[in-house]
Amino acid sequence: MIINIFTIVLGETLEAGFLFSLLLYACYRFSISKFYVLFGVLSGAFLATLYGNNLVTISEWFDYTGQEWINAVICSFLAMLLLVVSRGLTQAINTQGVPIFLLSMLAVIHEGAELYLFFQSVPNEAAFKIVFSALIALMIGSSFGVINYFCLQYLQQIGHKIAFFLSMLLASGLFMQASQLLIQADVLPQYQPLWNSEFLLSEQANLGELLRAMLRYESTPTGIEVAAYLTCTVMFLSVLLIPRRRL
Amino acid sequence: MRVLLLCLLLSVPAFAARPVFDLYIKDKMFEPARLVIPANTKVRIMVHNQDDSPEEFESYDLNREKVIPANSKSAIFVGPLAPGEYPFFGEFSLETAQGILVAE
(Lines give C-alpha, C1' and ligand atoms only; values in the text may rest on other atoms or scores of the structure.)
Protein backbone atom coordinates (compact mmCIF):
# COMPACT_ATOMS: atom_id res chain seq x y z
CA MET A 1 0.00 0.00 0.00
CA ILE A 2 2.78 2.46 0.96
CA ILE A 3 4.72 1.78 -2.26
CA ASN A 4 1.47 2.14 -4.17
CA ILE A 5 0.82 5.57 -2.64
CA PHE A 6 4.39 6.65 -3.33
CA THR A 7 4.15 5.55 -6.99
CA ILE A 8 0.78 7.19 -7.62
CA VAL A 9 1.67 10.51 -5.97
CA LEU A 10 5.08 10.57 -7.67
CA GLY A 11 3.54 9.85 -11.07
CA GLU A 12 1.07 12.71 -10.72
CA THR A 13 3.52 15.22 -9.22
CA LEU A 14 6.32 14.56 -11.71
CA GLU A 15 4.18 15.66 -14.63
CA ALA A 16 2.86 18.61 -12.65
CA GLY A 17 6.40 19.52 -11.51
CA PHE A 18 7.58 19.37 -15.10
CA LEU A 19 4.74 21.60 -16.32
CA PHE A 20 5.07 24.08 -13.46
CA SER A 21 8.80 24.46 -14.06
CA LEU A 22 7.97 25.56 -17.62
CA LEU A 23 5.27 27.95 -16.39
CA LEU A 24 7.52 29.51 -13.78
CA TYR A 25 10.22 29.87 -16.41
CA ALA A 26 7.73 31.66 -18.69
CA CYS A 27 6.87 33.98 -15.75
CA TYR A 28 10.57 34.68 -15.24
CA ARG A 29 11.20 35.29 -18.94
CA PHE A 30 8.28 37.67 -19.38
CA SER A 31 8.51 39.25 -15.92
CA ILE A 32 4.98 38.05 -15.12
CA SER A 33 3.99 37.86 -11.48
CA LYS A 34 4.25 34.29 -10.13
CA PHE A 35 0.97 34.97 -8.33
CA TYR A 36 -0.77 33.92 -11.56
CA VAL A 37 0.63 30.44 -10.97
CA LEU A 38 -0.31 30.51 -7.30
CA PHE A 39 -3.89 31.64 -8.03
CA GLY A 40 -4.09 28.99 -10.73
CA VAL A 41 -2.96 26.28 -8.29
CA LEU A 42 -5.44 27.38 -5.61
CA SER A 43 -8.35 27.62 -8.07
CA GLY A 44 -7.33 24.27 -9.55
CA ALA A 45 -7.24 22.63 -6.11
CA PHE A 46 -10.74 23.93 -5.38
CA LEU A 47 -12.09 22.74 -8.74
CA ALA A 48 -10.31 19.36 -8.46
CA THR A 49 -12.10 18.81 -5.13
CA LEU A 50 -15.38 19.83 -6.72
CA TYR A 51 -14.70 17.50 -9.66
CA GLY A 52 -13.81 14.63 -7.34
CA ASN A 53 -16.92 15.15 -5.21
CA ASN A 54 -19.18 15.18 -8.27
CA LEU A 55 -17.50 12.40 -10.19
CA VAL A 56 -20.49 10.06 -9.85
CA THR A 57 -22.71 12.54 -11.69
CA ILE A 58 -20.01 13.46 -14.21
CA SER A 59 -19.33 9.79 -14.95
CA GLU A 60 -22.98 9.28 -15.90
CA TRP A 61 -22.92 12.01 -18.55
CA PHE A 62 -22.83 10.97 -22.23
CA ASP A 63 -23.94 7.44 -21.48
CA TYR A 64 -21.35 6.86 -18.70
CA THR A 65 -18.43 8.40 -20.61
CA GLY A 66 -18.56 11.89 -19.09
CA GLN A 67 -15.21 11.45 -17.35
CA GLU A 68 -13.46 10.75 -20.65
CA TRP A 69 -15.06 13.79 -22.30
CA ILE A 70 -14.11 16.18 -19.48
CA ASN A 71 -10.54 14.85 -19.28
CA ALA A 72 -10.12 14.96 -23.07
CA VAL A 73 -11.23 18.60 -23.10
CA ILE A 74 -8.84 19.43 -20.23
CA CYS A 75 -5.91 17.69 -22.00
CA SER A 76 -6.67 19.48 -25.29
CA PHE A 77 -6.91 22.87 -23.59
CA LEU A 78 -3.65 22.23 -21.74
CA ALA A 79 -1.92 21.39 -25.03
CA MET A 80 -3.28 24.49 -26.79
CA LEU A 81 -2.43 26.80 -23.90
CA LEU A 82 1.09 25.38 -23.87
CA LEU A 83 1.28 26.28 -27.55
CA VAL A 84 0.28 29.88 -26.75
CA VAL A 85 2.92 30.19 -24.03
CA SER A 86 5.59 28.44 -26.14
CA ARG A 87 4.91 30.76 -29.04
CA GLY A 88 5.65 33.62 -26.69
CA LEU A 89 8.90 31.98 -25.62
CA THR A 90 10.27 31.50 -29.13
CA GLN A 91 8.89 34.61 -30.79
CA ALA A 92 9.68 36.90 -27.88
CA ILE A 93 6.00 37.84 -27.67
CA ASN A 94 5.08 38.93 -24.19
CA THR A 95 2.68 36.27 -22.96
CA GLN A 96 -0.01 37.57 -20.63
CA GLY A 97 -0.76 36.12 -17.23
CA VAL A 98 -4.14 34.64 -18.20
CA PRO A 99 -2.78 31.63 -20.16
CA ILE A 100 -0.36 30.97 -17.29
CA PHE A 101 -3.23 31.11 -14.78
CA LEU A 102 -5.42 28.82 -16.91
CA LEU A 103 -2.60 26.32 -17.45
CA SER A 104 -1.86 26.16 -13.72
CA MET A 105 -5.53 25.72 -12.89
CA LEU A 106 -6.20 23.01 -15.48
CA ALA A 107 -2.99 21.14 -14.60
CA VAL A 108 -4.04 20.93 -10.95
CA ILE A 109 -7.55 19.80 -11.88
CA HIS A 110 -6.07 17.19 -14.23
CA GLU A 111 -3.64 15.73 -11.70
CA GLY A 112 -5.35 16.72 -8.45
CA ALA A 113 -8.75 15.10 -8.97
CA GLU A 114 -7.24 11.63 -9.20
CA LEU A 115 -5.07 12.18 -6.12
CA TYR A 116 -8.08 13.49 -4.20
CA LEU A 117 -10.05 10.35 -5.06
CA PHE A 118 -7.10 8.11 -4.33
CA PHE A 119 -6.76 9.51 -0.82
CA GLN A 120 -10.44 8.74 -0.26
CA SER A 121 -9.69 5.08 -0.97
CA VAL A 122 -6.88 4.62 1.58
CA PRO A 123 -7.67 3.19 5.04
CA ASN A 124 -7.62 5.59 8.01
CA GLU A 125 -5.49 3.28 10.19
CA ALA A 126 -2.40 3.83 8.05
CA ALA A 127 -2.91 7.61 7.83
CA PHE A 128 0.53 8.62 9.14
CA LYS A 129 2.48 6.28 6.86
CA ILE A 130 0.32 7.31 3.93
CA VAL A 131 0.80 11.03 4.48
CA PHE A 132 4.54 10.51 5.04
CA SER A 133 5.09 8.52 1.83
CA ALA A 134 2.87 10.92 -0.15
CA LEU A 135 4.91 13.87 1.15
CA ILE A 136 8.19 12.23 0.11
CA ALA A 137 6.80 11.58 -3.39
CA LEU A 138 5.49 15.15 -3.53
CA MET A 139 8.91 16.49 -2.53
CA ILE A 140 10.67 14.42 -5.21
CA GLY A 141 8.21 15.59 -7.88
CA SER A 142 8.54 19.22 -6.75
CA SER A 143 12.34 18.99 -6.57
CA PHE A 144 12.41 17.75 -10.12
CA GLY A 145 10.36 20.79 -11.18
CA VAL A 146 12.61 23.18 -9.21
CA ILE A 147 15.78 21.68 -10.75
CA ASN A 148 14.29 21.93 -14.24
CA TYR A 149 13.28 25.55 -13.60
CA PHE A 150 16.75 26.61 -12.42
CA CYS A 151 18.45 24.70 -15.27
CA LEU A 152 16.32 26.61 -17.80
CA GLN A 153 17.15 29.89 -16.06
CA TYR A 154 20.85 29.05 -15.92
CA LEU A 155 20.98 28.20 -19.63
CA GLN A 156 19.85 31.76 -20.47
CA GLN A 157 20.21 32.04 -24.29
CA ILE A 158 19.12 28.50 -25.07
CA GLY A 159 16.82 28.11 -22.06
CA HIS A 160 13.76 29.30 -23.99
CA LYS A 161 14.55 26.90 -26.85
CA ILE A 162 14.76 23.96 -24.47
CA ALA A 163 11.57 25.13 -22.74
CA PHE A 164 9.86 25.25 -26.13
CA PHE A 165 11.03 21.73 -26.97
CA LEU A 166 9.93 20.35 -23.58
CA SER A 167 6.56 22.10 -23.91
CA MET A 168 6.15 20.52 -27.33
CA LEU A 169 6.80 17.04 -25.92
CA LEU A 170 4.43 17.63 -23.02
CA ALA A 171 1.67 19.11 -25.16
CA SER A 172 1.92 16.40 -27.82
CA GLY A 173 1.65 13.77 -25.07
CA LEU A 174 -1.42 15.51 -23.66
CA PHE A 175 -3.05 15.76 -27.08
CA MET A 176 -2.38 12.07 -27.62
CA GLN A 177 -3.96 11.35 -24.23
CA ALA A 178 -7.06 13.29 -25.32
CA SER A 179 -7.35 11.03 -28.38
CA GLN A 180 -6.81 7.97 -26.17
CA LEU A 181 -9.68 9.06 -23.91
CA LEU A 182 -12.00 9.54 -26.89
CA ILE A 183 -11.09 6.04 -28.10
CA GLN A 184 -11.89 4.74 -24.61
CA ALA A 185 -15.28 6.51 -24.80
CA ASP A 186 -15.94 4.93 -28.22
CA VAL A 187 -16.01 8.31 -29.90
CA LEU A 188 -12.95 7.61 -32.01
CA PRO A 189 -12.41 4.15 -33.54
CA GLN A 190 -9.91 1.69 -32.06
CA TYR A 191 -7.40 0.17 -34.46
CA GLN A 192 -4.54 -2.25 -33.95
CA PRO A 193 -1.32 -0.68 -32.59
CA LEU A 194 1.06 0.70 -35.22
CA TRP A 195 4.06 -0.75 -33.41
CA ASN A 196 5.07 -2.43 -30.18
CA SER A 197 8.17 -1.00 -28.50
CA GLU A 198 7.63 -3.14 -25.39
CA PHE A 199 10.87 -5.01 -26.08
CA LEU A 200 12.80 -1.71 -26.06
CA LEU A 201 11.09 -0.05 -23.13
CA SER A 202 8.19 -1.54 -21.22
CA GLU A 203 5.61 0.80 -19.68
CA GLN A 204 5.95 -1.26 -16.52
CA ALA A 205 9.72 -0.71 -16.25
CA ASN A 206 10.91 2.14 -14.01
CA LEU A 207 12.01 4.33 -16.93
CA GLY A 208 8.83 3.43 -18.83
CA GLU A 209 6.69 4.43 -15.82
CA LEU A 210 8.63 7.69 -15.52
CA LEU A 211 8.23 8.56 -19.21
CA ARG A 212 4.60 7.50 -19.11
CA ALA A 213 3.92 9.82 -16.17
CA MET A 214 5.78 12.78 -17.65
CA LEU A 215 5.47 12.50 -21.42
CA ARG A 216 2.66 9.96 -21.88
CA TYR A 217 4.99 7.32 -23.27
CA GLU A 218 2.96 4.60 -24.99
CA SER A 219 4.58 1.36 -26.17
CA THR A 220 1.64 0.26 -28.34
CA PRO A 221 0.11 3.38 -29.89
CA THR A 222 -2.65 3.18 -32.46
CA GLY A 223 -2.71 5.22 -35.68
CA ILE A 224 -5.10 7.81 -34.24
CA GLU A 225 -2.91 8.35 -31.18
CA VAL A 226 0.19 8.79 -33.35
CA ALA A 227 -1.75 11.17 -35.64
CA ALA A 228 -2.86 13.23 -32.63
CA TYR A 229 0.71 13.37 -31.30
CA LEU A 230 2.13 14.42 -34.67
CA THR A 231 -0.63 16.99 -35.26
CA CYS A 232 0.30 18.76 -32.06
CA THR A 233 4.04 18.51 -32.83
CA VAL A 234 3.49 20.01 -36.30
CA MET A 235 1.44 22.84 -34.76
CA PHE A 236 4.34 23.63 -32.43
CA LEU A 237 6.92 23.44 -35.21
CA SER A 238 4.82 25.67 -37.46
CA VAL A 239 5.05 28.34 -34.76
CA LEU A 240 8.76 28.51 -35.51
CA LEU A 241 7.96 29.47 -39.10
CA ILE A 242 5.89 32.50 -38.08
CA PRO A 243 8.03 35.64 -38.56
CA ARG A 244 9.78 36.83 -35.43
CA ARG A 245 8.57 39.93 -33.62
CA ARG A 246 10.27 42.07 -31.03
CA LEU A 247 9.04 42.56 -27.49
CA MET B 1 -10.35 18.33 -38.81
CA ARG B 2 -12.62 16.77 -41.47
CA VAL B 3 -11.27 13.31 -40.64
CA LEU B 4 -11.99 13.91 -36.94
CA LEU B 5 -15.54 15.04 -37.68
CA LEU B 6 -16.08 12.02 -39.93
CA CYS B 7 -14.83 9.69 -37.20
CA LEU B 8 -17.17 11.36 -34.70
CA LEU B 9 -20.14 10.95 -37.04
CA LEU B 10 -19.29 7.35 -37.89
CA SER B 11 -18.94 6.44 -34.22
CA VAL B 12 -22.44 7.66 -33.28
CA PRO B 13 -24.56 4.91 -34.90
CA ALA B 14 -22.35 2.16 -33.49
CA PHE B 15 -22.48 3.64 -30.00
CA ALA B 16 -25.55 1.78 -28.76
CA ALA B 17 -24.89 -1.52 -30.51
CA ARG B 18 -21.90 -2.77 -28.48
CA PRO B 19 -22.25 -6.03 -26.53
CA VAL B 20 -22.26 -5.25 -22.81
CA PHE B 21 -20.31 -7.15 -20.14
CA ASP B 22 -20.55 -6.47 -16.42
CA LEU B 23 -17.56 -6.36 -14.10
CA TYR B 24 -17.96 -5.81 -10.37
CA ILE B 25 -15.60 -4.41 -7.76
CA LYS B 26 -16.37 -5.73 -4.30
CA ASP B 27 -14.10 -5.82 -1.23
CA LYS B 28 -11.34 -4.37 -3.44
CA MET B 29 -11.46 -7.35 -5.81
CA PHE B 30 -12.77 -7.80 -9.34
CA GLU B 31 -15.68 -10.17 -9.91
CA PRO B 32 -15.35 -12.06 -12.19
CA ALA B 33 -11.56 -11.94 -12.02
CA ARG B 34 -11.53 -13.59 -15.45
CA LEU B 35 -13.88 -11.89 -17.87
CA VAL B 36 -14.39 -13.55 -21.24
CA ILE B 37 -15.36 -11.38 -24.22
CA PRO B 38 -15.56 -12.15 -27.97
CA ALA B 39 -12.37 -11.56 -29.94
CA ASN B 40 -12.30 -8.98 -32.76
CA THR B 41 -15.38 -7.22 -31.37
CA LYS B 42 -15.64 -3.89 -29.61
CA VAL B 43 -17.45 -4.35 -26.31
CA ARG B 44 -18.70 -2.12 -23.54
CA ILE B 45 -17.65 -3.17 -20.06
CA MET B 46 -19.86 -1.75 -17.33
CA VAL B 47 -17.73 -1.58 -14.20
CA HIS B 48 -19.86 -1.54 -11.03
CA ASN B 49 -17.98 -0.36 -7.97
CA GLN B 50 -19.88 -1.75 -4.97
CA ASP B 51 -17.26 -0.61 -2.46
CA ASP B 52 -17.45 2.52 -0.35
CA SER B 53 -14.19 3.81 -1.80
CA PRO B 54 -13.21 4.75 -5.37
CA GLU B 55 -11.10 2.46 -7.54
CA GLU B 56 -9.14 3.00 -10.72
CA PHE B 57 -9.51 0.42 -13.47
CA GLU B 58 -6.19 0.25 -15.32
CA SER B 59 -4.58 -1.95 -17.93
CA TYR B 60 -1.31 -1.47 -19.77
CA ASP B 61 -2.22 -4.08 -22.38
CA LEU B 62 -5.66 -2.64 -23.06
CA ASN B 63 -4.39 0.91 -22.76
CA ARG B 64 -7.23 1.88 -20.45
CA GLU B 65 -7.39 3.95 -17.28
CA LYS B 66 -10.52 5.15 -15.53
CA VAL B 67 -11.55 6.08 -11.99
CA ILE B 68 -14.75 4.36 -10.86
CA PRO B 69 -16.28 6.36 -7.99
CA ALA B 70 -17.57 4.58 -4.88
CA ASN B 71 -20.98 2.90 -5.18
CA SER B 72 -21.39 3.76 -8.83
CA LYS B 73 -20.92 2.34 -12.28
CA SER B 74 -19.11 3.48 -15.38
CA ALA B 75 -18.53 2.32 -18.95
CA ILE B 76 -15.22 1.37 -20.55
CA PHE B 77 -15.06 0.39 -24.21
CA VAL B 78 -12.41 -2.13 -25.25
CA GLY B 79 -11.53 -3.89 -28.44
CA PRO B 80 -11.65 -5.14 -31.07
CA LEU B 81 -9.03 -7.41 -29.50
CA ALA B 82 -7.03 -10.23 -31.03
CA PRO B 83 -7.56 -13.57 -29.21
CA GLY B 84 -5.50 -13.61 -26.04
CA GLU B 85 -5.32 -12.59 -22.38
CA TYR B 86 -5.15 -8.98 -21.24
CA PRO B 87 -4.43 -8.33 -17.56
CA PHE B 88 -6.07 -5.41 -15.75
CA PHE B 89 -5.85 -4.15 -12.17
CA GLY B 90 -7.24 -1.68 -9.68
CA GLU B 91 -4.55 0.94 -9.23
CA PHE B 92 -5.83 1.97 -5.81
CA SER B 93 -5.79 -1.63 -4.52
CA LEU B 94 -2.92 -3.29 -6.35
CA GLU B 95 -2.55 -6.13 -3.84
CA THR B 96 -6.07 -7.47 -4.29
CA ALA B 97 -7.73 -6.01 -7.38
CA GLN B 98 -6.30 -8.06 -10.24
CA GLY B 99 -8.09 -9.53 -13.22
CA ILE B 100 -7.72 -10.87 -16.74
CA LEU B 101 -9.78 -10.08 -19.78
CA VAL B 102 -9.88 -13.05 -22.14
CA ALA B 103 -10.69 -12.44 -25.79
CA GLU B 104 -11.70 -15.68 -27.55
# chains A, B, ... in the order shown; residues from 1 in each chain; ligands from 1
>>> select_by_dssp(residues="range 12-91 of chain B", states="helix (DSSP H, G or I)", output="VMD selection string")
chain B and resid 12 to 17 91
>>> interface_residues(of="chain B", to="chain A", cutoff="8 Å", atoms="only C-alpha atoms", output="PyMOL selection string")
chain B and resi 7-8+11-12+15+53-55+60+64+67+69-70+72-80+91-95
>>> write_last_selection(atoms="N, CA, C and O atoms", output="JSON list (two decimals), in the first residue's frame")
[["chain", "number", "residue", "atom", "x", "y", "z"],
["B", 7, "CYS", "N", -14.94, 10.75, -38.22],
["B", 7, "CYS", "CA", -14.83, 9.69, -37.20],
["B", 7, "CYS", "C", -15.91, 9.84, -36.13],
["B", 7, "CYS", "O", -16.53, 8.87, -35.71],
["B", 8, "LEU", "N", -16.15, 11.10, -35.71],
["B", 8, "LEU", "CA", -17.17, 11.36, -34.70],
["B", 8, "LEU", "C", -18.55, 10.94, -35.20],
["B", 8, "LEU", "O", -19.32, 10.31, -34.49],
["B", 11, "SER", "N", -18.90, 7.16, -35.50],
["B", 11, "SER", "CA", -18.94, 6.44, -34.22],
["B", 11, "SER", "C", -20.32, 6.48, -33.58],
["B", 11, "SER", "O", -20.65, 5.64, -32.78],
["B", 12, "VAL", "N", -21.14, 7.49, -33.94],
["B", 12, "VAL", "CA", -22.44, 7.66, -33.28],
["B", 12, "VAL", "C", -23.39, 6.48, -33.49],
["B", 12, "VAL", "O", -23.93, 5.94, -32.52],
["B", 15, "PHE", "N", -22.60, 3.42, -31.44],
["B", 15, "PHE", "CA", -22.48, 3.64, -30.00],
["B", 15, "PHE", "C", -23.34, 2.71, -29.15],
["B", 15, "PHE", "O", -22.89, 2.15, -28.17],
["B", 53, "SER", "N", -15.32, 2.96, -1.42],
["B", 53, "SER", "CA", -14.19, 3.81, -1.80],
["B", 53, "SER", "C", -13.98, 3.72, -3.32],
["B", 53, "SER", "O", -14.31, 2.71, -3.93],
["B", 54, "PRO", "N", -13.42, 4.79, -3.91],
["B", 54, "PRO", "CA", -13.21, 4.75, -5.37],
["B", 54, "PRO", "C", -12.12, 3.77, -5.77],
["B", 54, "PRO", "O", -11.30, 3.36, -4.94],
["B", 55, "GLU", "N", -12.14, 3.36, -7.01],
["B", 55, "GLU", "CA", -11.10, 2.46, -7.54],
["B", 55, "GLU", "C", -10.74, 2.93, -8.94],
["B", 55, "GLU", "O", -11.57, 3.54, -9.61],
["B", 60, "TYR", "N", -2.35, -1.88, -18.80],
["B", 60, "TYR", "CA", -1.31, -1.47, -19.77],
["B", 60, "TYR", "C", -1.60, -2.09, -21.13],
["B", 60, "TYR", "O", -1.47, -1.44, -22.16],
["B", 64, "ARG", "N", -6.05, 1.27, -21.06],
["B", 64, "ARG", "CA", -7.23, 1.88, -20.45],
["B", 64, "ARG", "C", -6.94, 2.31, -19.02],
["B", 64, "ARG", "O", -6.18, 1.65, -18.31],
["B", 67, "VAL", "N", -11.15, 6.12, -13.40],
["B", 67, "VAL", "CA", -11.55, 6.08, -11.99],
["B", 67, "VAL", "C", -13.04, 5.72, -11.93],
["B", 67, "VAL", "O", -13.86, 6.31, -12.63],
["B", 69, "PRO", "N", -15.95, 5.85, -9.33],
["B", 69, "PRO", "CA", -16.28, 6.36, -7.99],
["B", 69, "PRO", "C", -16.97, 5.29, -7.12],
["B", 69, "PRO", "O", -17.49, 4.30, -7.64],
["B", 70, "ALA", "N", -16.95, 5.52, -5.82],
["B", 70, "ALA", "CA", -17.57, 4.58, -4.88],
["B", 70, "ALA", "C", -19.06, 4.42, -5.16],
["B", 70, "ALA", "O", -19.74, 5.39, -5.52],
["B", 72, "SER", "N", -20.89, 3.25, -7.54],
["B", 72, "SER", "CA", -21.39, 3.76, -8.83],
["B", 72, "SER", "C", -20.94, 2.82, -9.94],
["B", 72, "SER", "O", -20.23, 1.85, -9.70],
["B", 73, "LYS", "N", -21.37, 3.14, -11.14],
["B", 73, "LYS", "CA", -20.92, 2.34, -12.28],
["B", 73, "LYS", "C", -20.47, 3.25, -13.41],
["B", 73, "LYS", "O", -20.86, 4.42, -13.47],
["B", 74, "SER", "N", -19.63, 2.70, -14.27],
["B", 74, "SER", "CA", -19.11, 3.48, -15.38],
["B", 74, "SER", "C", -18.78, 2.56, -16.55],
["B", 74, "SER", "O", -18.51, 1.38, -16.34],
["B", 75, "ALA", "N", -18.78, 3.14, -17.75],
["B", 75, "ALA", "CA", -18.53, 2.32, -18.95],
["B", 75, "ALA", "C", -17.11, 2.47, -19.45],
["B", 75, "ALA", "O", -16.54, 3.56, -19.42],
["B", 76, "ILE", "N", -16.53, 1.35, -19.89],
["B", 76, "ILE", "CA", -15.22, 1.37, -20.55],
["B", 76, "ILE", "C", -15.35, 0.54, -21.83],
["B", 76, "ILE", "O", -15.77, -0.62, -21.77],
["B", 77, "PHE", "N", -15.00, 1.12, -22.94],
["B", 77, "PHE", "CA", -15.06, 0.39, -24.21],
["B", 77, "PHE", "C", -13.69, -0.23, -24.50],
["B", 77, "PHE", "O", -12.67, 0.46, -24.38],
["B", 78, "VAL", "N", -13.67, -1.48, -24.86],
["B", 78, "VAL", "CA", -12.41, -2.13, -25.25],
["B", 78, "VAL", "C", -12.62, -2.91, -26.55],
["B", 78, "VAL", "O", -13.71, -3.32, -26.88],
["B", 79, "GLY", "N", -11.51, -3.11, -27.22],
["B", 79, "GLY", "CA", -11.53, -3.89, -28.44],
["B", 79, "GLY", "C", -11.69, -3.05, -29.68],
["B", 79, "GLY", "O", -11.80, -1.82, -29.57],
["B", 80, "PRO", "N", -11.72, -3.69, -30.85],
["B", 80, "PRO", "CA", -11.65, -5.14, -31.07],
["B", 80, "PRO", "C", -10.27, -5.68, -30.73],
["B", 80, "PRO", "O", -9.26, -5.10, -31.10],
["B", 91, "GLU", "N", -5.78, 0.25, -9.65],
["B", 91, "GLU", "CA", -4.55, 0.94, -9.23],
["B", 91, "GLU", "C", -4.56, 1.34, -7.77],
["B", 91, "GLU", "O", -3.52, 1.45, -7.14],
["B", 92, "PHE", "N", -5.76, 1.56, -7.22],
["B", 92, "PHE", "CA", -5.83, 1.97, -5.81],
["B", 92, "PHE", "C", -5.74, 0.78, -4.85],
["B", 92, "PHE", "O", -5.59, 0.96, -3.65],
["B", 93, "SER", "N", -5.88, -0.43, -5.37],
["B", 93, "SER", "CA", -5.79, -1.63, -4.52],
["B", 93, "SER", "C", -5.00, -2.71, -5.25],
["B", 93, "SER", "O", -5.53, -3.78, -5.55],
["B", 94, "LEU", "N", -3.75, -2.39, -5.53],
["B", 94, "LEU", "CA", -2.92, -3.29, -6.35],
["B", 94, "LEU", "C", -2.80, -4.71, -5.80],
["B", 94, "LEU", "O", -2.72, -5.67, -6.55],
["B", 95, "GLU", "N", -2.78, -4.81, -4.45],
["B", 95, "GLU", "CA", -2.55, -6.13, -3.84],
["B", 95, "GLU", "C", -3.69, -7.10, -4.09],
["B", 95, "GLU", "O", -3.48, -8.30, -4.21]]
>>> closest_residue(among="A:Leu102, A:Met214, A:Leu207, A:Val9", to="Tyr116 in chain A", atoms="only C-alpha atoms")
A:Val9
>>> residues_around(residues="Leu42 in chain A", least_positions_apart="6", cutoff="12 Å", atoms="only C-alpha atoms", output="list in words")
Phe35, Tyr36, Ala48, Thr49, Phe101, Leu102, Ser104, Met105, Leu106, Ala107, Val108, Ile109 and Gly112 of chain A
>>> closest_residue(among="A:Trp69, A:Tyr149, A:Tyr154, A:Phe30", to="Leu166 in chain A", atoms="only C-alpha atoms")
A:Tyr149
>>> closest_residue(among="A:Leu89, A:Val41, A:Ala72, A:Cys232", to="Cys27 in chain A", atoms="only C-alpha atoms")
A:Leu89
>>> closest_residue(among="B:Ala82, B:Asn63, B:Thr96, B:Glu58", to="Lys26 in chain B", atoms="only C-alpha atoms")
B:Thr96
